[in-house]
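Heads up, model16.cif below (mmCIF, C-alpha atoms and all ligand atoms):
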data_entry
loop_
_atom_site.group_PDB
_atom_site.id
_atom_site.type_symbol
_atom_site.label_atom_id
_atom_site.label_comp_id
_atom_site.auth_asym_id
_atom_site.auth_seq_id
_atom_site.Cartn_x
_atom_site.Cartn_y
_atom_site.Cartn_z
ATOM 1 C CA MET V 1 -150.098 -187.497 101.899
ATOM 2 C CA LYS V 2 -148.761 -184.269 100.372
ATOM 3 C CA THR V 3 -149.210 -180.613 101.261
ATOM 4 C CA PHE V 4 -149.928 -178.180 98.413
ATOM 5 C CA LYS V 5 -149.642 -174.406 98.583
ATOM 6 C CA LEU V 6 -151.964 -172.519 96.236
ATOM 7 C CA GLU V 7 -152.108 -168.851 95.335
ATOM 8 C CA ASP V 8 -155.646 -167.603 95.860
ATOM 9 C CA LYS V 9 -156.573 -164.231 97.345
ATOM 10 C CA LEU V 10 -160.044 -165.223 98.598
ATOM 11 C CA CYS V 11 -159.001 -168.516 100.176
ATOM 12 C CA SER V 12 -156.001 -166.873 101.804
ATOM 13 C CA LYS V 13 -158.561 -165.166 104.063
ATOM 14 C CA ALA V 14 -160.202 -168.463 105.113
ATOM 15 C CA LYS V 15 -160.980 -169.345 108.716
ATOM 16 C CA PRO V 16 -160.254 -172.701 110.413
ATOM 17 C CA GLY V 17 -162.928 -175.260 109.481
ATOM 18 C CA GLN V 18 -163.651 -173.859 106.021
ATOM 19 C CA PHE V 19 -162.947 -175.836 102.858
ATOM 20 C CA LEU V 20 -162.245 -175.185 99.191
ATOM 21 C CA MET V 21 -163.124 -176.975 95.960
ATOM 22 C CA LEU V 22 -160.008 -177.890 93.990
ATOM 23 C CA TRP V 23 -160.391 -178.502 90.264
ATOM 24 C CA ILE V 24 -157.800 -180.737 88.656
ATOM 25 C CA PRO V 25 -158.264 -179.912 84.937
ATOM 26 C CA GLY V 26 -159.651 -182.783 82.890
ATOM 27 C CA ILE V 27 -160.100 -185.008 85.953
ATOM 28 C CA ASP V 28 -162.455 -183.837 88.729
ATOM 29 C CA GLU V 29 -163.179 -181.194 91.329
ATOM 30 C CA ILE V 30 -162.840 -182.260 94.979
ATOM 31 C CA PRO V 31 -163.468 -180.710 98.416
ATOM 32 C CA LEU V 32 -160.448 -180.197 100.693
ATOM 33 C CA SER V 33 -160.113 -178.741 104.186
ATOM 34 C CA ILE V 34 -157.956 -175.683 104.544
ATOM 35 C CA LEU V 35 -154.735 -176.407 106.423
ATOM 36 C CA ASN V 36 -153.410 -172.871 106.550
ATOM 37 C CA ALA V 37 -154.178 -169.484 105.037
ATOM 38 C CA GLY V 38 -152.556 -166.072 104.799
ATOM 39 C CA ASP V 39 -150.339 -163.796 102.675
ATOM 40 C CA GLY V 40 -152.248 -164.523 99.461
ATOM 41 C CA GLN V 41 -151.769 -168.271 99.847
ATOM 42 C CA VAL V 42 -153.741 -171.243 101.082
ATOM 43 C CA SER V 43 -152.516 -174.768 101.780
ATOM 44 C CA VAL V 44 -154.223 -178.147 101.745
ATOM 45 C CA ALA V 45 -152.998 -181.594 102.832
ATOM 46 C CA VAL V 46 -154.125 -184.278 100.411
ATOM 47 C CA LYS V 47 -154.179 -188.043 100.796
ATOM 48 C CA ASN V 48 -153.710 -190.048 97.611
ATOM 49 C CA VAL V 49 -156.870 -192.192 97.540
ATOM 50 C CA GLY V 50 -158.229 -192.189 93.970
ATOM 51 C CA ASP V 51 -158.307 -190.633 90.526
ATOM 52 C CA ALA V 52 -158.260 -186.903 91.347
ATOM 53 C CA THR V 53 -155.862 -187.110 94.276
ATOM 54 C CA ARG V 54 -153.493 -189.403 92.334
ATOM 55 C CA HIS V 55 -153.307 -186.868 89.482
ATOM 56 C CA LEU V 56 -152.770 -184.044 91.953
ATOM 57 C CA HIS V 57 -149.917 -185.916 93.632
ATOM 58 C CA LYS V 58 -148.188 -186.220 90.247
ATOM 59 C CA MET V 59 -148.449 -182.500 89.430
ATOM 60 C CA ASN V 60 -145.418 -180.220 89.549
ATOM 61 C CA ARG V 61 -144.817 -176.790 91.046
ATOM 62 C CA GLY V 62 -146.412 -174.077 88.883
ATOM 63 C CA GLU V 63 -148.958 -176.288 87.100
ATOM 64 C CA LEU V 64 -152.491 -174.923 86.803
ATOM 65 C CA VAL V 65 -155.394 -175.974 89.054
ATOM 66 C CA GLY V 66 -158.699 -174.231 89.804
ATOM 67 C CA VAL V 67 -159.773 -173.062 93.250
ATOM 68 C CA ARG V 68 -163.277 -172.134 94.453
ATOM 69 C CA GLY V 69 -163.881 -171.008 98.007
ATOM 70 C CA PRO V 70 -163.520 -170.575 100.860
ATOM 71 C CA PHE V 71 -166.799 -172.368 101.585
ATOM 72 C CA GLY V 72 -168.773 -173.386 104.654
ATOM 73 C CA ASN V 73 -168.790 -172.140 108.208
ATOM 74 C CA SER V 74 -165.839 -172.273 110.585
ATOM 75 C CA PHE V 75 -165.055 -173.437 114.108
ATOM 76 C CA THR V 76 -165.908 -170.940 116.833
ATOM 77 C CA GLU V 77 -162.670 -169.852 118.477
ATOM 78 C CA SER V 78 -163.307 -170.749 122.111
ATOM 79 C CA ARG V 79 -161.374 -169.376 125.043
ATOM 80 C CA GLY V 80 -160.675 -171.338 128.231
ATOM 81 C CA ARG V 81 -159.599 -174.992 128.222
ATOM 82 C CA VAL V 82 -159.994 -176.667 124.844
ATOM 83 C CA LEU V 83 -159.447 -180.212 123.649
ATOM 84 C CA LEU V 84 -158.914 -181.231 120.022
ATOM 85 C CA VAL V 85 -159.428 -184.833 118.893
ATOM 86 C CA GLY V 86 -158.165 -185.572 115.390
ATOM 87 C CA GLY V 87 -157.784 -188.633 113.200
ATOM 88 C CA GLY V 88 -156.141 -189.056 109.785
ATOM 89 C CA THR V 89 -156.538 -186.114 107.363
ATOM 90 C CA GLY V 90 -159.007 -184.636 109.892
ATOM 91 C CA THR V 91 -155.977 -183.374 111.781
ATOM 92 C CA ALA V 92 -155.446 -180.699 109.051
ATOM 93 C CA PRO V 93 -158.313 -178.306 109.930
ATOM 94 C CA LEU V 94 -157.688 -178.880 113.644
ATOM 95 C CA LEU V 95 -154.042 -177.868 113.264
ATOM 96 C CA PHE V 96 -155.133 -174.621 111.551
ATOM 97 C CA LEU V 97 -157.553 -174.038 114.442
ATOM 98 C CA ALA V 98 -154.924 -174.897 117.087
ATOM 99 C CA LYS V 99 -152.544 -172.286 115.628
ATOM 100 C CA ARG V 100 -155.267 -169.626 115.980
ATOM 101 C CA LEU V 101 -156.271 -170.811 119.464
ATOM 102 C CA ALA V 102 -152.722 -171.060 120.823
ATOM 103 C CA ALA V 103 -152.725 -167.385 121.827
ATOM 104 C CA LYS V 104 -156.349 -167.326 123.077
ATOM 105 C CA ALA V 105 -156.984 -170.557 124.967
ATOM 106 C CA ASP V 106 -155.953 -171.054 128.615
ATOM 107 C CA ARG V 107 -155.009 -174.633 127.900
ATOM 108 C CA LEU V 108 -154.869 -176.499 124.617
ATOM 109 C CA SER V 109 -154.806 -180.304 124.642
ATOM 110 C CA PHE V 110 -154.609 -182.517 121.561
ATOM 111 C CA ILE V 111 -155.380 -186.204 121.074
ATOM 112 C CA VAL V 112 -154.392 -187.435 117.655
ATOM 113 C CA GLY V 113 -154.824 -190.949 116.353
ATOM 114 C CA ALA V 114 -153.993 -193.073 113.313
ATOM 115 C CA LYS V 115 -153.661 -196.713 112.319
ATOM 116 C CA THR V 116 -149.863 -196.530 112.309
ATOM 117 C CA LYS V 117 -147.074 -193.991 113.005
ATOM 118 C CA SER V 118 -146.542 -193.165 109.307
ATOM 119 C CA GLU V 119 -150.184 -192.010 109.134
ATOM 120 C CA LEU V 120 -149.899 -189.707 112.152
ATOM 121 C CA LEU V 121 -149.838 -186.257 110.624
ATOM 122 C CA PHE V 122 -148.172 -182.986 111.587
ATOM 123 C CA LEU V 123 -146.352 -184.341 114.635
ATOM 124 C CA LYS V 124 -143.639 -181.647 114.374
ATOM 125 C CA ASP V 125 -146.208 -178.825 114.152
ATOM 126 C CA LEU V 126 -148.167 -180.253 117.075
ATOM 127 C CA ASP V 127 -144.970 -180.469 119.091
ATOM 128 C CA THR V 128 -144.452 -176.697 118.792
ATOM 129 C CA ILE V 129 -148.073 -175.882 119.703
ATOM 130 C CA CYS V 130 -148.717 -178.331 122.560
ATOM 131 C CA SER V 131 -146.666 -178.996 125.656
ATOM 132 C CA GLU V 132 -145.591 -182.609 126.184
ATOM 133 C CA GLU V 133 -148.227 -183.265 128.842
ATOM 134 C CA SER V 134 -151.040 -181.810 126.721
ATOM 135 C CA PHE V 135 -150.351 -183.999 123.676
ATOM 136 C CA LEU V 136 -151.480 -187.618 123.363
ATOM 137 C CA GLY V 137 -150.687 -189.724 120.297
ATOM 138 C CA THR V 138 -152.397 -193.059 119.679
ATOM 139 C CA THR V 139 -151.881 -195.730 117.036
ATOM 140 C CA GLU V 140 -153.856 -198.900 116.457
ATOM 141 C CA ASP V 141 -150.672 -200.962 115.941
ATOM 142 C CA GLY V 142 -148.721 -199.386 118.827
ATOM 143 C CA SER V 143 -145.957 -197.987 116.551
ATOM 144 C CA PHE V 144 -146.324 -194.571 118.257
ATOM 145 C CA GLY V 145 -147.804 -193.424 121.562
ATOM 146 C CA ILE V 146 -150.498 -195.499 123.223
ATOM 147 C CA GLN V 147 -151.832 -198.559 121.362
ATOM 148 C CA CYS V 148 -155.540 -197.843 121.138
ATOM 149 C CA LEU V 149 -158.165 -195.795 119.292
ATOM 150 C CA ALA V 150 -158.013 -191.999 119.781
ATOM 151 C CA THR V 151 -161.302 -192.083 121.690
ATOM 152 C CA GLU V 152 -160.061 -194.473 124.398
ATOM 153 C CA PRO V 153 -157.888 -192.005 126.399
ATOM 154 C CA LEU V 154 -160.621 -189.376 125.975
ATOM 155 C CA GLU V 155 -162.907 -190.650 128.760
ATOM 156 C CA GLU V 156 -159.936 -190.968 131.118
ATOM 157 C CA LEU V 157 -158.799 -187.406 130.357
ATOM 158 C CA LEU V 158 -162.322 -186.050 130.893
ATOM 159 C CA GLU V 159 -162.465 -187.806 134.289
ATOM 160 C CA LYS V 160 -159.405 -185.800 135.383
ATOM 161 C CA GLN V 161 -159.821 -182.455 133.627
ATOM 162 C CA ASN V 162 -162.611 -180.043 132.719
ATOM 163 C CA PHE V 163 -162.820 -178.602 129.237
ATOM 164 C CA ASN V 164 -164.849 -175.665 127.905
ATOM 165 C CA MET V 165 -164.929 -177.044 124.368
ATOM 166 C CA ILE V 166 -164.033 -180.169 122.402
ATOM 167 C CA TYR V 167 -163.292 -179.942 118.668
ATOM 168 C CA THR V 168 -163.115 -183.053 116.530
ATOM 169 C CA CYS V 169 -162.388 -183.974 112.919
ATOM 170 C CA GLY V 170 -161.527 -187.360 111.453
ATOM 171 C CA PRO V 171 -163.167 -190.679 110.631
ATOM 172 C CA GLU V 172 -166.889 -190.304 111.235
ATOM 173 C CA GLN V 173 -167.174 -193.283 113.582
ATOM 174 C CA MET V 174 -164.469 -191.712 115.750
ATOM 175 C CA MET V 175 -166.351 -188.401 115.782
ATOM 176 C CA ARG V 176 -169.592 -190.198 116.652
ATOM 177 C CA LYS V 177 -167.887 -191.717 119.706
ATOM 178 C CA VAL V 178 -166.555 -188.305 120.724
ATOM 179 C CA PHE V 179 -170.084 -186.943 120.293
ATOM 180 C CA ASP V 180 -171.627 -189.675 122.490
ATOM 181 C CA ILE V 181 -169.088 -188.945 125.248
ATOM 182 C CA ALA V 182 -169.516 -185.143 125.004
ATOM 183 C CA GLU V 183 -173.313 -185.452 125.022
ATOM 184 C CA LYS V 184 -173.261 -187.722 128.090
ATOM 185 C CA ARG V 185 -170.988 -185.285 129.929
ATOM 186 C CA ARG V 186 -172.690 -182.149 128.540
ATOM 187 C CA ILE V 187 -169.469 -180.676 127.164
ATOM 188 C CA PRO V 188 -169.782 -178.252 124.215
ATOM 189 C CA LEU V 189 -168.563 -179.908 121.017
ATOM 190 C CA GLU V 190 -167.906 -178.935 117.415
ATOM 191 C CA ALA V 191 -167.322 -181.622 114.778
ATOM 192 C CA SER V 192 -166.334 -181.118 111.147
ATOM 193 C CA LEU V 193 -168.229 -183.502 108.850
ATOM 194 C CA GLU V 194 -167.496 -184.824 105.368
ATOM 195 C CA ARG V 195 -170.087 -185.750 102.778
ATOM 196 C CA LEU V 196 -170.030 -186.180 99.024
ATOM 197 C CA MET V 197 -169.729 -182.675 97.595
ATOM 198 C CA ARG V 198 -170.345 -181.481 94.076
ATOM 199 C CA CYS V 199 -171.377 -177.817 94.023
ATOM 200 C CA GLY V 200 -170.060 -176.799 97.454
ATOM 201 C CA ILE V 201 -172.580 -173.965 97.682
ATOM 202 C CA GLY V 202 -175.866 -175.540 98.780
ATOM 203 C CA LEU V 203 -177.450 -176.202 95.366
ATOM 204 C CA CYS V 204 -177.128 -179.866 94.398
ATOM 205 C CA GLY V 205 -178.102 -181.678 97.622
ATOM 206 C CA SER V 206 -175.404 -184.356 97.366
ATOM 207 C CA CYS V 207 -174.059 -183.477 100.838
ATOM 208 C CA MET V 208 -177.390 -183.747 102.755
ATOM 209 C CA ILE V 209 -177.405 -185.057 106.328
ATOM 210 C CA GLY V 210 -180.837 -184.778 107.953
ATOM 211 C CA LYS V 211 -182.151 -181.298 107.148
ATOM 212 C CA TYR V 212 -178.628 -179.915 106.699
ATOM 213 C CA ARG V 213 -176.420 -179.391 103.664
ATOM 214 C CA VAL V 214 -172.907 -180.016 104.949
ATOM 215 C CA CYS V 215 -171.311 -177.621 102.425
ATOM 216 C CA ARG V 216 -173.514 -174.672 103.351
ATOM 217 C CA ASP V 217 -174.759 -175.293 106.926
ATOM 218 C CA GLY V 218 -171.461 -176.977 107.947
ATOM 219 C CA PRO V 219 -169.000 -178.546 107.658
ATOM 220 C CA VAL V 220 -168.769 -177.656 111.354
ATOM 221 C CA PHE V 221 -171.758 -178.747 113.481
ATOM 222 C CA ASN V 222 -172.317 -178.211 117.197
ATOM 223 C CA LEU V 223 -173.653 -180.619 119.791
ATOM 224 C CA SER V 224 -177.326 -179.693 119.435
ATOM 225 C CA GLN V 225 -177.215 -179.906 115.622
ATOM 226 C CA LEU V 226 -175.457 -183.281 115.846
ATOM 227 C CA SER V 227 -178.191 -184.497 118.227
ATOM 228 C CA GLU V 228 -180.744 -183.723 115.497
ATOM 229 C CA ILE V 229 -178.896 -185.904 112.957
ATOM 230 C CA LYS V 230 -178.108 -188.820 115.294
ATOM 231 C CA ASP V 231 -179.843 -191.296 112.956
ATOM 232 C CA GLU V 232 -177.311 -190.599 110.189
ATOM 233 C CA PHE V 233 -174.200 -189.204 111.898
ATOM 234 C CA GLY V 234 -171.605 -192.010 112.030
ATOM 235 C CA ILE V 235 -174.092 -194.396 110.416
ATOM 236 C CA SER V 236 -175.049 -193.570 106.825
ATOM 237 C CA LYS V 237 -174.465 -191.127 103.971
ATOM 238 C CA LEU V 238 -175.518 -190.551 100.365
ATOM 239 C CA GLY V 239 -173.445 -192.336 97.712
ATOM 240 C CA PHE V 240 -172.529 -191.094 94.218
ATOM 241 C CA ASP V 241 -175.886 -192.353 92.827
ATOM 242 C CA GLY V 242 -177.931 -190.820 95.669
ATOM 243 C CA SER V 243 -178.517 -194.133 97.453
ATOM 244 C CA VAL V 244 -178.032 -194.431 101.215
ATOM 245 C CA ILE V 245 -174.809 -196.268 102.064
ATOM 246 C CA PRO V 246 -173.028 -197.037 105.346
ATOM 247 C CA VAL V 247 -170.426 -194.481 106.505
HETATM 248 C C1 LIG V 301 -165.471 -180.982 103.605
HETATM 249 C C2 LIG V 301 -164.449 -182.008 103.137
HETATM 250 C C3 LIG V 301 -163.115 -181.816 103.465
HETATM 251 C C4 LIG V 301 -162.147 -182.739 103.036
HETATM 252 N N1 LIG V 301 -160.857 -182.498 103.366
HETATM 253 C C5 LIG V 301 -159.886 -183.334 102.942
HETATM 254 C C6 LIG V 301 -158.504 -183.045 103.228
HETATM 255 O O1 LIG V 301 -158.164 -182.062 103.865
HETATM 256 N N2 LIG V 301 -157.580 -183.922 102.735
HETATM 257 C C7 LIG V 301 -157.929 -185.029 102.004
HETATM 258 O O2 LIG V 301 -157.025 -185.767 101.598
HETATM 259 N N3 LIG V 301 -159.217 -185.325 101.743
HETATM 260 C C8 LIG V 301 -160.199 -184.499 102.175
HETATM 261 N N4 LIG V 301 -161.521 -184.780 101.870
HETATM 262 C C9 LIG V 301 -161.832 -185.977 101.094
HETATM 263 C C10 LIG V 301 -161.528 -185.735 99.609
HETATM 264 O O3 LIG V 301 -162.485 -184.841 99.068
HETATM 265 C C11 LIG V 301 -161.599 -187.083 98.852
HETATM 266 O O4 LIG V 301 -160.554 -187.904 99.332
HETATM 267 C C12 LIG V 301 -161.410 -186.879 97.374
HETATM 268 O O5 LIG V 301 -162.549 -186.255 96.846
HETATM 269 C C13 LIG V 301 -161.149 -188.203 96.685
HETATM 270 O O6 LIG V 301 -161.152 -188.007 95.289
HETATM 271 P P1 LIG V 301 -160.439 -189.046 94.309
HETATM 272 O O7 LIG V 301 -160.909 -188.799 92.915
HETATM 273 O O8 LIG V 301 -158.953 -189.040 94.515
HETATM 274 O O9 LIG V 301 -160.914 -190.453 94.833
HETATM 275 P P2 LIG V 301 -162.221 -191.299 94.414
HETATM 276 O O10 LIG V 301 -161.742 -192.657 94.031
HETATM 277 O O11 LIG V 301 -163.096 -190.538 93.487
HETATM 278 O O12 LIG V 301 -162.945 -191.378 95.823
HETATM 279 C C14 LIG V 301 -162.400 -191.978 96.969
HETATM 280 C C15 LIG V 301 -163.320 -191.650 98.123
HETATM 281 O O13 LIG V 301 -163.240 -190.240 98.391
HETATM 282 C C16 LIG V 301 -164.520 -189.703 98.679
HETATM 283 N N5 LIG V 301 -164.889 -188.700 97.655
HETATM 284 C C17 LIG V 301 -164.726 -188.772 96.328
HETATM 285 N N6 LIG V 301 -165.197 -187.672 95.710
HETATM 286 C C18 LIG V 301 -165.702 -186.899 96.678
HETATM 287 C C19 LIG V 301 -166.367 -185.646 96.695
HETATM 288 N N7 LIG V 301 -166.628 -184.955 95.590
HETATM 289 N N8 LIG V 301 -166.771 -185.164 97.902
HETATM 290 C C20 LIG V 301 -166.509 -185.819 99.042
HETATM 291 N N9 LIG V 301 -165.884 -186.994 99.088
HETATM 292 C C21 LIG V 301 -165.496 -187.535 97.934
HETATM 293 C C22 LIG V 301 -165.482 -190.866 98.688
HETATM 294 O O14 LIG V 301 -165.578 -191.361 100.013
HETATM 295 C C23 LIG V 301 -164.811 -191.897 97.834
HETATM 296 O O15 LIG V 301 -165.197 -193.195 98.148
HETATM 297 C C24 LIG V 301 -162.529 -183.883 102.282
HETATM 298 C C25 LIG V 301 -163.875 -184.087 101.974
HETATM 299 C C26 LIG V 301 -164.828 -183.169 102.398
HETATM 300 C C27 LIG V 301 -166.269 -183.389 102.057
HETATM 301 S S1 LIG V 302 -172.351 -180.003 97.685
HETATM 302 FE FE1 LIG V 302 -174.084 -179.336 96.586
HETATM 303 S S2 LIG V 302 -175.522 -178.876 98.152
HETATM 304 FE FE2 LIG V 302 -173.693 -179.347 99.224
#
Would you mind giving the structure from this file in structure tokens?
Amino acid sequence: MKTFKLEDKLCSKAKPGQFLMLWIPGIDEIPLSILNAGDGQVSVAVKNVGDATRHLHKMNRGELVGVRGPFGNSFTESRGRVLLVGGGTGTAPLLFLAKRLAAKADRLSFIVGAKTKSELLFLKDLDTICSEESFLGTTEDGSFGIQCLATEPLEELLEKQNFNMIYTCGPEQMMRKVFDIAEKRRIPLEASLERLMRCGIGLCGSCMIGKYRVCRDGPVFNLSQLSEIKDEFGISKLGFDGSVIPV
């Protein structure tokens, strides 16, 4: 995982939840969530998973890339008591949101999960935003925090505390579980979804989920929109050749 800072006037005005399309010349163009924005700059946190991200990880300061964006909608900035549930690279847009909410929300709680401690992102940043009692780290192998999935302490927390809004971003099966819990308890929820993206502006249809285009109508969806796409959310998506594949 590496963080990259890019100079781009338009994206430097992005809101939490929005994404950009990053072109790595000669290789590919990929969608990335915005981690931070301001002062003419925008940053993204990128996991090295394949061709484009591997090339990006090898690039040096000052080398040329292309940026389109910012695209998509953004999280609504809720007041009151808010809970953020993040997993893996999904923690990036939530951290951007948490920084904006820190001054507005009455209470900000964060559950963040990963397979192992080395994959838990932005722990230092989260430490400055959240108080000790409002931060919960989970790992599947027990190398940090509680040994469980990020969704396990969620039900327990919701038994004890009321929240005005839950935000989630991360692996889709994790978000689906958060959705099921929020729907059962009737707690407002916003989840940031990922789908295969090519154009990023609602033209090509590669990011369809139900009647929605994730790039244009999302990537942030609320509880009632997620209820409409229950048959696909956390279950299936379109692959590179347009066929339906499991998430
Ligand atoms: C809205 C959105 C926000 C994202 N934010 C981040 C982020 O902040 N940090 C991060 O590391 N990753 C993020 N991703 C995922 C990132 O786009 C993929 O990891 C990247 O495209 C992989 O490209 P690759 O060539 O390195 O790997 P490949 O080997 O080409 O692909 C590896 C996997 O990445 C996914 N992927 C590949 N191309 C695309 C594409 N055009 N659109 C969507 N998914 C793709 C597929 O699941 C694929 O199986 C985001 C994706 C979306 C849709
Ligand atoms: S990426 Fe083309 S319509 Fe969404």
Once the PyMOL selection byres (((not hetatm)) within 8 of (chain V and resi 301)) has been applied to the shown file, what residues remain in the selection, as an MDAnalysis selection string? chainID V and resid 1 18:20 27:35 44:55 89:90 92:93 192:198 207 214:215 219
Smallest atom-to-atom distance to Leu189 (chain V): which of V:Ser134, V:Gly205, V:Gly40, V:Leu226, using only C-alpha atoms? V:Leu226
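If you measure from each of V:Ile209, V:Leu97, V:Met174, V:Leu203 to ligand LIG 302 (chain V) using only C-alpha atoms and all ligand atoms, the closest one turns out to be V:Leu203.
The two atoms in question, CA of Gly87 (chain V) and CA of Glu7 (chain V), are spaced 27.3 Å apart.
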Explicit residues for the PyMOL selection byres (((chain V and resi 148-154) around 8) and not hetatm) (as number ranges by chain): V: 85-87, 111-114, 137-142, 146-147, 155-158, 174, 177-178
Residues in the PyMOL selection byres (((chain V and resi 70) around 9) and not hetatm), expressed as a PyMOL selection string: chain V and resi 10-15+18-21+34+67-69+71-72
What separation in Å, quoted to one decimal, exists between CA of Cys204 (chain V) and atom FE2 of ligand LIG 302 (chain V)? 5.9 Å
Each side padded by 6 Å, which centre and which edge lengths in Å (one decimal) define the axis-aligned box around the listed atoms of region 40-43 of chain V? Give them as AutoDock Vina command-line options.
--center_x -152.8 --center_y -169.6 --center_z 100.6 --size_x 14.0 --size_y 22.2 --size_z 14.3
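For the residues V:Gly66, V:Gly26, V:Gly80, V:Gly202, ranking by smallest atom-to-atom distance to Ser109 (chain V) using all atoms listed in the file places V:Gly80 first.
Computed from the coordinates, the CA of Glu190 (chain V) to CA of Ser118 (chain V) distance equals 26.9 Å.
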Counting all atoms listed in the file, which residue out of V:Asn73, V:Asn36, V:Ser236, V:Ser131 sits closest to Phe110 (chain V)? V:Ser131
With N, CA, C and O atoms as the target, complete region 57-71 of chain V and hand it back as a short mmCIF file (atom, residue, chain, number, x, y, z; two decimals), in the frame of the given file.
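Result file follows (out_38.cif):
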data_model
loop_
_atom_site.label_atom_id
_atom_site.label_comp_id
_atom_site.auth_asym_id
_atom_site.auth_seq_id
_atom_site.Cartn_x
_atom_site.Cartn_y
_atom_site.Cartn_z
N HIS V 57 -151.22 -185.53 93.06
CA HIS V 57 -149.92 -185.92 93.63
C HIS V 57 -148.82 -185.95 92.58
O HIS V 57 -147.65 -185.79 92.91
N LYS V 58 -149.20 -186.14 91.32
CA LYS V 58 -148.19 -186.22 90.25
C LYS V 58 -147.87 -184.85 89.67
O LYS V 58 -146.97 -184.71 88.84
N MET V 59 -148.65 -183.82 90.04
CA MET V 59 -148.45 -182.50 89.43
C MET V 59 -147.19 -181.83 89.97
O MET V 59 -146.74 -182.12 91.09
N ASN V 60 -146.65 -180.91 89.16
CA ASN V 60 -145.42 -180.22 89.55
C ASN V 60 -145.69 -178.77 89.93
O ASN V 60 -146.72 -178.20 89.54
N ARG V 61 -144.74 -178.20 90.65
CA ARG V 61 -144.82 -176.79 91.05
C ARG V 61 -145.13 -175.91 89.83
O ARG V 61 -144.54 -176.08 88.76
N GLY V 62 -146.11 -175.02 89.97
CA GLY V 62 -146.41 -174.08 88.88
C GLY V 62 -147.49 -174.53 87.93
O GLY V 62 -147.97 -173.76 87.11
N GLU V 63 -147.89 -175.81 88.00
CA GLU V 63 -148.96 -176.29 87.10
C GLU V 63 -150.30 -175.70 87.53
O GLU V 63 -150.50 -175.35 88.69
N LEU V 64 -151.23 -175.62 86.57
CA LEU V 64 -152.49 -174.92 86.80
C LEU V 64 -153.57 -175.82 87.42
O LEU V 64 -153.81 -176.93 86.94
N VAL V 65 -154.19 -175.34 88.50
CA VAL V 65 -155.39 -175.97 89.05
C VAL V 65 -156.42 -174.86 89.27
O VAL V 65 -156.07 -173.68 89.20
N GLY V 66 -157.68 -175.24 89.53
CA GLY V 66 -158.70 -174.23 89.80
C GLY V 66 -159.10 -174.29 91.27
O GLY V 66 -159.16 -175.37 91.86
N VAL V 67 -159.37 -173.11 91.84
CA VAL V 67 -159.77 -173.06 93.25
C VAL V 67 -161.08 -172.28 93.38
O VAL V 67 -161.19 -171.18 92.85
N ARG V 68 -162.08 -172.87 94.08
CA ARG V 68 -163.28 -172.13 94.45
C ARG V 68 -163.37 -172.14 95.97
O ARG V 68 -163.13 -173.16 96.60
N GLY V 69 -163.73 -171.03 96.56
CA GLY V 69 -163.88 -171.01 98.01
C GLY V 69 -163.39 -169.68 98.57
O GLY V 69 -163.14 -168.76 97.81
N PRO V 70 -163.27 -169.53 99.86
CA PRO V 70 -163.52 -170.58 100.86
C PRO V 70 -165.02 -170.77 101.07
O PRO V 70 -165.78 -169.83 100.96
N PHE V 71 -165.40 -172.03 101.38
CA PHE V 71 -166.80 -172.37 101.58
C PHE V 71 -167.06 -172.88 102.99
O PHE V 71 -166.15 -173.35 103.68
#
